[in-house]
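**Student:** I'd like to ask you about the structure that follows.
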Amino acid sequence: MKDIVLEGVGLTKHFTVGGPMSGGRRRVRAVESVDIAIGRGETVGLVGESGCGKSTIGRLLLRLIDPTEGRIRLLGQDITDARGSGLRRLRRRMQIVFQDPFASLNPRHRVGDILSAPYRIHGIEPRIGIDAKVAELMGRVGLDPMARSKFPHEFSGGQRQRIGIARALALEPDVIVCDEPVSALDVSVQAQIVNLLRDLRDQTGIALLFISHDLAVVENICDRVAVMYLGRIVEIADRDRLFDAPRHPYTKALLKSVPRPDPGRRRRALFRLEGEVPSPVDPPTGCAFHTRCPVATKLCAAERPPLSIREASNKVACHLN
Ligand code: SF4
């Protein structure tokens, strides 16, 4: 892998929910023992059904929430215990682009104010001045710098996401977590935003963690893809290997719904996904997927398969594959 920019080792996050009025306190196992690393200039996809823990991993890596267990390293430095001003300094290096650009932009602020805020908050004076820097940022993401005096509602959904990306780029971070960045956009606009992110990554060498439930989008932009099920990574592989020859039955089930633009590259032995995701409060024994897996055996219900290397750096957690 290229130089590692951001890394989580053994990341675990449990939340406590409920109280005396709702049947007592229960522990939600949102993320369990996840290892993940993103290299310079690399895009790592994190996919899985809603509630599988992928957004929680993004927030853990950015230190927006504290892990129950595990360590987080940025450019080799352990940042797990960073607090206060030290954590604020780190935030310059790690940014996030949210799913809903409208909700993440203050509707009462003009775009010029939104994009200059990172410099004011961190007390940074760009060499060319804040106004020129804001104009430059807007140009980089394909927005007219003359529109800086407009409010967010005066832009389209795609343009608002460009504003969100420009804000994330303002402090020249090493890594951006993109949390479902195109799922609120029209399909025709999604490709434009994905192309923009890819171009910016190629120009700057920035590392991207791309969280999405849409595998077609992930196939378009990611170099490697991690598939999550009920808080754990069940398969992680290079993009082409994962999409051409998935090994884990859950990956095969997810890919069933993704159309192939080239009919000659058909996927073999894919499964239809049946049933609901079990509760992370009381996950199944053994392999958590065994309650839905069409090829499960007795062993699957009794023993959890470790995430093991199969070939190159590709890993799978399955007794049979
Ligand atoms: Fe299916 Fe068993 Fe593999 Fe789990 S370990 S995915 S239940 S075959």
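Each chain of the structure tokens is named A, B, ... in the order shown, its residues numbered from 1; ligands are numbered from 1 in display order.
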Residues within 10 Å of ligand 1 should be enumerated using only C-alpha atoms and all ligand atoms and returned as a count of residues only.

**Tutor:** 33

**Student:** Hey, which bits of stretch 153-228 of chain A sit within 8 Å of stretch 17-41 of chain A, and for each residue what's the closest pair of atoms and how far apart in Å (one decimal), counting only C-alpha atoms, rows by chain and increasing number, as JSON lines?

**Tutor:**
```
{"residue": "A:Asp174", "atom": "CA", "partner": "A:Arg40", "partner_atom": "CA", "distance": 7.8}
{"residue": "A:Arg201", "atom": "CA", "partner": "A:Gly41", "partner_atom": "CA", "distance": 5.9}
{"residue": "A:Asp202", "atom": "CA", "partner": "A:Gly41", "partner_atom": "CA", "distance": 6.5}
{"residue": "A:Thr204", "atom": "CA", "partner": "A:Gly41", "partner_atom": "CA", "distance": 7.5}
{"residue": "A:Gly205", "atom": "CA", "partner": "A:Gly41", "partner_atom": "CA", "distance": 4.0}
{"residue": "A:Ile206", "atom": "CA", "partner": "A:Gly41", "partner_atom": "CA", "distance": 5.0}
{"residue": "A:Ala207", "atom": "CA", "partner": "A:Gly41", "partner_atom": "CA", "distance": 4.9}
{"residue": "A:Leu208", "atom": "CA", "partner": "A:Ile38", "partner_atom": "CA", "distance": 7.2}
{"residue": "A:Leu209", "atom": "CA", "partner": "A:Ile38", "partner_atom": "CA", "distance": 7.1}
```

**Student:** Using N, CA, C and O atoms, can you write the selected residues to a file as a PDB file, in the first residue's frame?

**Tutor:**
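Saved as selection-v5.pdb:
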```
ATOM      1  N   ASP A 174      -5.078  16.122   4.781  1.00  0.00           N
ATOM      2  CA  ASP A 174      -4.451  14.899   4.253  1.00  0.00           C
ATOM      3  C   ASP A 174      -5.503  13.862   3.903  1.00  0.00           C
ATOM      4  O   ASP A 174      -5.244  12.975   3.097  1.00  0.00           O
ATOM      5  N   ARG A 201      -8.547  14.273  -5.852  1.00  0.00           N
ATOM      6  CA  ARG A 201      -7.639  13.284  -5.252  1.00  0.00           C
ATOM      7  C   ARG A 201      -6.383  13.129  -6.110  1.00  0.00           C
ATOM      8  O   ARG A 201      -5.260  13.124  -5.586  1.00  0.00           O
ATOM      9  N   ASP A 202      -6.560  13.032  -7.424  1.00  0.00           N
ATOM     10  CA  ASP A 202      -5.405  12.827  -8.304  1.00  0.00           C
ATOM     11  C   ASP A 202      -4.495  14.051  -8.320  1.00  0.00           C
ATOM     12  O   ASP A 202      -3.282  13.933  -8.445  1.00  0.00           O
ATOM     13  N   THR A 204      -4.120  16.296  -5.814  1.00  0.00           N
ATOM     14  CA  THR A 204      -3.545  16.668  -4.516  1.00  0.00           C
ATOM     15  C   THR A 204      -2.929  15.493  -3.761  1.00  0.00           C
ATOM     16  O   THR A 204      -2.195  15.699  -2.802  1.00  0.00           O
ATOM     17  N   GLY A 205      -3.253  14.256  -4.155  1.00  0.00           N
ATOM     18  CA  GLY A 205      -2.746  13.100  -3.410  1.00  0.00           C
ATOM     19  C   GLY A 205      -3.485  12.888  -2.100  1.00  0.00           C
ATOM     20  O   GLY A 205      -3.041  12.139  -1.223  1.00  0.00           O
ATOM     21  N   ILE A 206      -4.627  13.535  -1.973  1.00  0.00           N
ATOM     22  CA  ILE A 206      -5.409  13.403  -0.747  1.00  0.00           C
ATOM     23  C   ILE A 206      -5.930  11.962  -0.623  1.00  0.00           C
ATOM     24  O   ILE A 206      -6.148  11.279  -1.628  1.00  0.00           O
ATOM     25  N   ALA A 207      -6.083  11.487   0.617  1.00  0.00           N
ATOM     26  CA  ALA A 207      -6.660  10.158   0.865  1.00  0.00           C
ATOM     27  C   ALA A 207      -8.158  10.322   1.095  1.00  0.00           C
ATOM     28  O   ALA A 207      -8.583  11.270   1.767  1.00  0.00           O
ATOM     29  N   LEU A 208      -8.956   9.415   0.520  1.00  0.00           N
ATOM     30  CA  LEU A 208     -10.413   9.504   0.677  1.00  0.00           C
ATOM     31  C   LEU A 208     -10.950   8.208   1.279  1.00  0.00           C
ATOM     32  O   LEU A 208     -10.612   7.113   0.810  1.00  0.00           O
ATOM     33  N   LEU A 209     -11.787   8.349   2.298  1.00  0.00           N
ATOM     34  CA  LEU A 209     -12.600   7.213   2.756  1.00  0.00           C
ATOM     35  C   LEU A 209     -13.996   7.483   2.225  1.00  0.00           C
ATOM     36  O   LEU A 209     -14.618   8.497   2.575  1.00  0.00           O
TER      37      LEU A 209
END
```

**Student:** Could you check how far atom CA of A:Asp100 sits from atom CA of A:Phe210, in Å to one decimal?

**Tutor:** 14.7 Å

**Student:** Write out as an mmCIF file with C-alpha atoms, in the first residue's frame each polymer residue whose atoms come within 8 Å of A:Val277, counting only C-alpha atoms; drop sequence neighbours fewer than 2 positions from it.

**Tutor:**
```cif
data_model
loop_
_atom_site.group_PDB
_atom_site.id
_atom_site.type_symbol
_atom_site.label_atom_id
_atom_site.label_comp_id
_atom_site.auth_asym_id
_atom_site.auth_seq_id
_atom_site.Cartn_x
_atom_site.Cartn_y
_atom_site.Cartn_z
ATOM 1 C CA LEU A 230 -23.090 -5.915 11.537
ATOM 2 C CA GLY A 275 -34.318 -11.281 5.495
ATOM 3 C CA SER A 279 -29.961 -6.419 15.801
#
```

**Student:** Compare A:Gln161, A:Asn314, A:Gln203, A:Ser149 by their minimum atom-to-atom distance to A:Gln190, counting only C-alpha atoms, and give me the closest one.

**Tutor:**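 Smallest separation from A:Gln190 among the options: A:Gln161.
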
**Student:** Nearest residue to A:Ile79 out of A:Ala170, A:Val9, A:Leu196, A:Val189, using only C-alpha atoms?

**Tutor:**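 When distances to A:Ile79 are compared using only C-alpha atoms, the smallest one comes from A:Val9.
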
**Student:** Between A:Leu254, A:Glu172, A:Glu235, A:Glu154, which residue has the minimum interatomic distance to A:Arg110, considering only C-alpha atoms?

**Tutor:**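 Counting only C-alpha atoms, the residue closest to A:Arg110 is A:Glu154.
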
**Student:** Which of stretch 7-72 of chain A end up as strand (DSSP E or B) when DSSP is run on this backbone - answer as a PyMOL selection string?

**Tutor:** chain A and resi 7-17+26-39+43-47+69-72

**Student:** Near A:Gly142, within 8 Å and counting only C-alpha atoms, which residues show up once chain neighbours fewer than 3 positions away are dropped, as a PDB file with N, CA and C atoms, in the first residue's frame?

**Tutor:**
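The result, written out as part15.pdb:
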```pdb
ATOM      1  N   MET A 138     -13.495  28.047  -4.922  1.00  0.00           N
ATOM      2  CA  MET A 138     -14.734  27.920  -5.697  1.00  0.00           C
ATOM      3  C   MET A 138     -14.424  27.504  -7.124  1.00  0.00           C
ATOM      4  N   GLY A 139     -13.378  28.070  -7.690  1.00  0.00           N
ATOM      5  CA  GLY A 139     -12.989  27.687  -9.046  1.00  0.00           C
ATOM      6  C   GLY A 139     -12.573  26.225  -9.119  1.00  0.00           C
ATOM      7  N   ARG A 162     -20.748  20.747  -3.982  1.00  0.00           N
ATOM      8  CA  ARG A 162     -19.457  21.323  -4.371  1.00  0.00           C
ATOM      9  C   ARG A 162     -18.988  22.319  -3.303  1.00  0.00           C
TER      10      ARG A 162
END
```

**Student:** For A:Leu6, list every protein, DNA or RNA residue within 8 Å, evaluated using only C-alpha atoms, and leave out those in the same chain fewer than 4 positions away; present the list as a PDB file with all heavy atoms, in the first residue's frame.

**Tutor:**
```
ATOM      1  N   ALA A  37      -7.039   0.992   6.834  1.00  0.00           N
ATOM      2  CA  ALA A  37      -5.992   1.981   6.561  1.00  0.00           C
ATOM      3  C   ALA A  37      -6.244   2.585   5.185  1.00  0.00           C
ATOM      4  O   ALA A  37      -6.683   1.895   4.265  1.00  0.00           O
ATOM      5  CB  ALA A  37      -4.618   1.311   6.601  1.00  0.00           C
ATOM      6  N   ILE A  38      -5.955   3.884   5.071  1.00  0.00           N
ATOM      7  CA  ILE A  38      -6.136   4.592   3.801  1.00  0.00           C
ATOM      8  C   ILE A  38      -4.798   5.218   3.427  1.00  0.00           C
ATOM      9  O   ILE A  38      -4.197   5.940   4.233  1.00  0.00           O
ATOM     10  CB  ILE A  38      -7.208   5.695   3.923  1.00  0.00           C
ATOM     11  CG1 ILE A  38      -8.461   5.127   4.590  1.00  0.00           C
ATOM     12  CG2 ILE A  38      -7.575   6.259   2.544  1.00  0.00           C
ATOM     13  CD1 ILE A  38      -9.166   6.121   5.451  1.00  0.00           C
ATOM     14  N   GLY A  39      -4.331   4.919   2.213  1.00  0.00           N
ATOM     15  CA  GLY A  39      -3.026   5.418   1.780  1.00  0.00           C
ATOM     16  C   GLY A  39      -3.123   6.743   1.056  1.00  0.00           C
ATOM     17  O   GLY A  39      -4.203   7.171   0.625  1.00  0.00           O
ATOM     18  N   LEU A  61     -12.608   7.479  13.077  1.00  0.00           N
ATOM     19  CA  LEU A  61     -11.319   7.830  12.477  1.00  0.00           C
ATOM     20  C   LEU A  61     -11.062   9.334  12.550  1.00  0.00           C
ATOM     21  O   LEU A  61      -9.928   9.766  12.702  1.00  0.00           O
ATOM     22  CB  LEU A  61     -11.278   7.360  11.019  1.00  0.00           C
ATOM     23  CG  LEU A  61     -11.166   5.846  10.812  1.00  0.00           C
ATOM     24  CD1 LEU A  61     -11.385   5.482   9.350  1.00  0.00           C
ATOM     25  CD2 LEU A  61      -9.799   5.327  11.273  1.00  0.00           C
ATOM     26  N   ILE A  72      -6.151   4.965  16.795  1.00  0.00           N
ATOM     27  CA  ILE A  72      -6.265   5.693  15.529  1.00  0.00           C
ATOM     28  C   ILE A  72      -4.937   6.415  15.293  1.00  0.00           C
ATOM     29  O   ILE A  72      -4.420   7.074  16.206  1.00  0.00           O
ATOM     30  CB  ILE A  72      -7.426   6.707  15.585  1.00  0.00           C
ATOM     31  CG1 ILE A  72      -8.742   5.968  15.846  1.00  0.00           C
ATOM     32  CG2 ILE A  72      -7.519   7.504  14.288  1.00  0.00           C
ATOM     33  CD1 ILE A  72      -9.730   6.757  16.636  1.00  0.00           C
ATOM     34  N   ARG A  73      -4.401   6.262  14.090  1.00  0.00           N
ATOM     35  CA  ARG A  73      -3.131   6.911  13.774  1.00  0.00           C
ATOM     36  C   ARG A  73      -3.289   7.766  12.530  1.00  0.00           C
ATOM     37  O   ARG A  73      -3.865   7.328  11.525  1.00  0.00           O
ATOM     38  CB  ARG A  73      -2.035   5.869  13.543  1.00  0.00           C
ATOM     39  CG  ARG A  73      -1.605   5.184  14.830  1.00  0.00           C
ATOM     40  CD  ARG A  73      -0.284   4.443  14.637  1.00  0.00           C
ATOM     41  NE  ARG A  73      -0.503   3.156  14.008  1.00  0.00           N
ATOM     42  CZ  ARG A  73      -0.642   2.005  14.690  1.00  0.00           C
ATOM     43  NH1 ARG A  73      -0.592   2.012  16.005  1.00  0.00           N
ATOM     44  NH2 ARG A  73      -0.828   0.880  14.044  1.00  0.00           N
ATOM     45  N   LEU A  74      -2.768   8.995  12.618  1.00  0.00           N
ATOM     46  CA  LEU A  74      -2.751   9.904  11.472  1.00  0.00           C
ATOM     47  C   LEU A  74      -1.288  10.142  11.110  1.00  0.00           C
ATOM     48  O   LEU A  74      -0.513  10.618  11.958  1.00  0.00           O
ATOM     49  CB  LEU A  74      -3.442  11.230  11.832  1.00  0.00           C
ATOM     50  CG  LEU A  74      -3.405  12.310  10.756  1.00  0.00           C
ATOM     51  CD1 LEU A  74      -4.245  11.923   9.549  1.00  0.00           C
ATOM     52  CD2 LEU A  74      -3.883  13.650  11.334  1.00  0.00           C
ATOM     53  N   LEU A  75      -0.903   9.794   9.889  1.00  0.00           N
ATOM     54  CA  LEU A  75       0.485   9.933   9.438  1.00  0.00           C
ATOM     55  C   LEU A  75       1.450   9.319  10.449  1.00  0.00           C
ATOM     56  O   LEU A  75       2.489   9.896  10.782  1.00  0.00           O
ATOM     57  CB  LEU A  75       0.815  11.418   9.203  1.00  0.00           C
ATOM     58  CG  LEU A  75      -0.046  12.104   8.136  1.00  0.00           C
ATOM     59  CD1 LEU A  75       0.158  13.601   8.143  1.00  0.00           C
ATOM     60  CD2 LEU A  75       0.246  11.527   6.756  1.00  0.00           C
ATOM     61  N   GLY A  76       1.060   8.174  10.990  1.00  0.00           N
ATOM     62  CA  GLY A  76       1.921   7.435  11.905  1.00  0.00           C
ATOM     63  C   GLY A  76       1.834   7.879  13.351  1.00  0.00           C
ATOM     64  O   GLY A  76       2.366   7.214  14.252  1.00  0.00           O
ATOM     65  N   VAL A 175      -6.664  13.946   4.544  1.00  0.00           N
ATOM     66  CA  VAL A 175      -7.675  12.921   4.320  1.00  0.00           C
ATOM     67  C   VAL A 175      -9.071  13.543   4.447  1.00  0.00           C
ATOM     68  O   VAL A 175      -9.288  14.453   5.259  1.00  0.00           O
ATOM     69  CB  VAL A 175      -7.502  11.749   5.331  1.00  0.00           C
ATOM     70  CG1 VAL A 175      -7.601  12.217   6.768  1.00  0.00           C
ATOM     71  CG2 VAL A 175      -8.477  10.612   5.064  1.00  0.00           C
TER      72      VAL A 175
END
```

**Student:** Could you work out how far atom CA of A:Leu46 lies from atom CA of A:Leu137, giving the answer in Å with one decimal?

**Tutor:**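 It comes out at 27.3 Å.
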
**Student:** Report, in Å to a single decimal, how far apart atom CA of A:Arg71 and atom CA of A:Glu7 are.

**Tutor:**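 It comes out at 8.2 Å.
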
**Student:** Using only C-alpha atoms, find the one residue out of A:Ser85, A:Thr80, A:Thr43, A:Ser50 that sits nearest to A:Leu11.

**Tutor:**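 That would be A:Thr80, the residue with the smallest distance to A:Leu11.
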
**Student:** May I have all residues of stretch 80-305 of chain A that DSSP, computed from the backbone, assigns to alpha helix (DSSP H), given as a PyMOL selection string?

**Tutor:** chain A and resi 84-91+101-104+111-121+130-140+157-169+187-204+215-221+239-244+249-255+298-302

**Student:** Pick out the closest residue to A:Arg92 from this set: A:Leu171, A:Ala117, A:Val111, A:Val218. Count only C-alpha atoms.

**Tutor:**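 Closest to A:Arg92, using only C-alpha atoms: A:Leu171.
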
**Student:** Do a neighbour search on A:Arg91 at 10 Å with only C-alpha atoms, toss out local chain neighbours closer than 4 positions, and write the hits as a list in words.

**Tutor:** Leu62, Arg63, Leu64, Ser85, Gly86, Leu87, Gln95, Ile96, His122, Leu171 and Pro173 of chain A

**Student:** Just write the chosen residues, all heavy atoms, as a PDB file, in the first residue's frame.

**Tutor:**
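And here's result38.pdb as it stands now:
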```
ATOM      1  N   LEU A  62     -12.135  10.117  12.448  1.00  0.00           N
ATOM      2  CA  LEU A  62     -11.988  11.577  12.503  1.00  0.00           C
ATOM      3  C   LEU A  62     -11.936  12.098  13.938  1.00  0.00           C
ATOM      4  O   LEU A  62     -11.840  13.298  14.150  1.00  0.00           O
ATOM      5  CB  LEU A  62     -13.156  12.255  11.770  1.00  0.00           C
ATOM      6  CG  LEU A  62     -13.198  12.068  10.266  1.00  0.00           C
ATOM      7  CD1 LEU A  62     -14.430  12.749   9.684  1.00  0.00           C
ATOM      8  CD2 LEU A  62     -11.941  12.641   9.625  1.00  0.00           C
ATOM      9  N   ARG A  63     -12.053  11.215  14.892  1.00  0.00           N
ATOM     10  CA  ARG A  63     -12.058  11.569  16.318  1.00  0.00           C
ATOM     11  C   ARG A  63     -13.276  12.451  16.671  1.00  0.00           C
ATOM     12  O   ARG A  63     -13.201  13.306  17.548  1.00  0.00           O
ATOM     13  CB  ARG A  63     -10.750  12.291  16.718  1.00  0.00           C
ATOM     14  CG  ARG A  63      -9.483  11.440  16.737  1.00  0.00           C
ATOM     15  CD  ARG A  63      -9.554  10.334  17.784  1.00  0.00           C
ATOM     16  NE  ARG A  63     -10.338  10.687  18.937  1.00  0.00           N
ATOM     17  CZ  ARG A  63      -9.895  11.451  19.934  1.00  0.00           C
ATOM     18  NH1 ARG A  63      -8.663  11.879  19.942  1.00  0.00           N
ATOM     19  NH2 ARG A  63     -10.669  11.746  20.942  1.00  0.00           N
ATOM     20  N   LEU A  64     -14.377  12.246  15.941  1.00  0.00           N
ATOM     21  CA  LEU A  64     -15.607  12.957  16.308  1.00  0.00           C
ATOM     22  C   LEU A  64     -16.290  12.238  17.454  1.00  0.00           C
ATOM     23  O   LEU A  64     -17.075  12.831  18.199  1.00  0.00           O
ATOM     24  CB  LEU A  64     -16.548  13.040  15.089  1.00  0.00           C
ATOM     25  CG  LEU A  64     -16.002  13.859  13.914  1.00  0.00           C
ATOM     26  CD1 LEU A  64     -16.923  13.773  12.719  1.00  0.00           C
ATOM     27  CD2 LEU A  64     -15.801  15.318  14.332  1.00  0.00           C
ATOM     28  N   SER A  85      -6.801  21.646  22.337  1.00  0.00           N
ATOM     29  CA  SER A  85      -6.168  22.354  21.214  1.00  0.00           C
ATOM     30  C   SER A  85      -5.424  21.385  20.301  1.00  0.00           C
ATOM     31  O   SER A  85      -5.346  21.596  19.092  1.00  0.00           O
ATOM     32  CB  SER A  85      -5.219  23.433  21.735  1.00  0.00           C
ATOM     33  OG  SER A  85      -4.246  22.834  22.563  1.00  0.00           O
ATOM     34  N   GLY A  86      -4.883  20.302  20.885  1.00  0.00           N
ATOM     35  CA  GLY A  86      -4.187  19.312  20.061  1.00  0.00           C
ATOM     36  C   GLY A  86      -5.143  18.676  19.070  1.00  0.00           C
ATOM     37  O   GLY A  86      -4.823  18.495  17.895  1.00  0.00           O
ATOM     38  N   LEU A  87      -6.350  18.359  19.536  1.00  0.00           N
ATOM     39  CA  LEU A  87      -7.351  17.753  18.661  1.00  0.00           C
ATOM     40  C   LEU A  87      -7.811  18.760  17.609  1.00  0.00           C
ATOM     41  O   LEU A  87      -8.005  18.417  16.437  1.00  0.00           O
ATOM     42  CB  LEU A  87      -8.540  17.258  19.498  1.00  0.00           C
ATOM     43  CG  LEU A  87      -9.623  16.494  18.753  1.00  0.00           C
ATOM     44  CD1 LEU A  87      -9.046  15.309  17.991  1.00  0.00           C
ATOM     45  CD2 LEU A  87     -10.698  16.015  19.729  1.00  0.00           C
ATOM     46  N   GLN A  95     -10.897  16.005   7.268  1.00  0.00           N
ATOM     47  CA  GLN A  95     -12.160  16.703   7.026  1.00  0.00           C
ATOM     48  C   GLN A  95     -13.247  15.704   6.641  1.00  0.00           C
ATOM     49  O   GLN A  95     -12.977  14.535   6.363  1.00  0.00           O
ATOM     50  CB  GLN A  95     -11.977  17.725   5.911  1.00  0.00           C
ATOM     51  CG  GLN A  95     -11.024  18.842   6.270  1.00  0.00           C
ATOM     52  CD  GLN A  95     -11.585  19.788   7.326  1.00  0.00           C
ATOM     53  OE1 GLN A  95     -12.767  20.126   7.300  1.00  0.00           O
ATOM     54  NE2 GLN A  95     -10.750  20.208   8.263  1.00  0.00           N
ATOM     55  N   ILE A  96     -14.482  16.203   6.603  1.00  0.00           N
ATOM     56  CA  ILE A  96     -15.606  15.335   6.255  1.00  0.00           C
ATOM     57  C   ILE A  96     -16.515  16.040   5.254  1.00  0.00           C
ATOM     58  O   ILE A  96     -16.670  17.269   5.295  1.00  0.00           O
ATOM     59  CB  ILE A  96     -16.404  14.925   7.533  1.00  0.00           C
ATOM     60  CG1 ILE A  96     -17.485  13.900   7.195  1.00  0.00           C
ATOM     61  CG2 ILE A  96     -16.988  16.136   8.236  1.00  0.00           C
ATOM     62  CD1 ILE A  96     -18.060  13.188   8.408  1.00  0.00           C
ATOM     63  N   HIS A 122      -9.369  28.740  12.523  1.00  0.00           N
ATOM     64  CA  HIS A 122      -8.033  28.222  12.847  1.00  0.00           C
ATOM     65  C   HIS A 122      -6.968  29.329  12.843  1.00  0.00           C
ATOM     66  O   HIS A 122      -5.785  29.051  13.021  1.00  0.00           O
ATOM     67  CB  HIS A 122      -7.646  27.117  11.868  1.00  0.00           C
ATOM     68  CG  HIS A 122      -8.428  25.849  12.083  1.00  0.00           C
ATOM     69  ND1 HIS A 122      -8.075  24.904  13.019  1.00  0.00           N
ATOM     70  CD2 HIS A 122      -9.568  25.394  11.512  1.00  0.00           C
ATOM     71  CE1 HIS A 122      -8.946  23.904  12.994  1.00  0.00           C
ATOM     72  NE2 HIS A 122      -9.876  24.180  12.095  1.00  0.00           N
ATOM     73  N   LEU A 171      -8.487  23.815   4.146  1.00  0.00           N
ATOM     74  CA  LEU A 171      -7.263  23.780   4.963  1.00  0.00           C
ATOM     75  C   LEU A 171      -6.261  22.749   4.454  1.00  0.00           C
ATOM     76  O   LEU A 171      -5.336  22.372   5.164  1.00  0.00           O
ATOM     77  CB  LEU A 171      -7.631  23.516   6.426  1.00  0.00           C
ATOM     78  CG  LEU A 171      -8.530  24.600   7.044  1.00  0.00           C
ATOM     79  CD1 LEU A 171      -8.957  24.224   8.442  1.00  0.00           C
ATOM     80  CD2 LEU A 171      -7.821  25.951   7.055  1.00  0.00           C
ATOM     81  N   PRO A 173      -6.348  19.389   3.736  1.00  0.00           N
ATOM     82  CA  PRO A 173      -6.223  18.241   4.637  1.00  0.00           C
ATOM     83  C   PRO A 173      -5.489  17.083   3.962  1.00  0.00           C
ATOM     84  O   PRO A 173      -5.300  17.072   2.746  1.00  0.00           O
ATOM     85  CB  PRO A 173      -7.681  17.859   4.903  1.00  0.00           C
ATOM     86  CG  PRO A 173      -8.398  18.267   3.658  1.00  0.00           C
ATOM     87  CD  PRO A 173      -7.719  19.525   3.197  1.00  0.00           C
TER      88      PRO A 173
END
```

**Student:** Nearest to A:Ala312: which of A:Gly123, A:Ala237, A:Asp244, A:Phe155 is it, counting only C-alpha atoms?

**Tutor:**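 The shortest atom-to-atom distance to A:Ala312 comes from A:Ala237.
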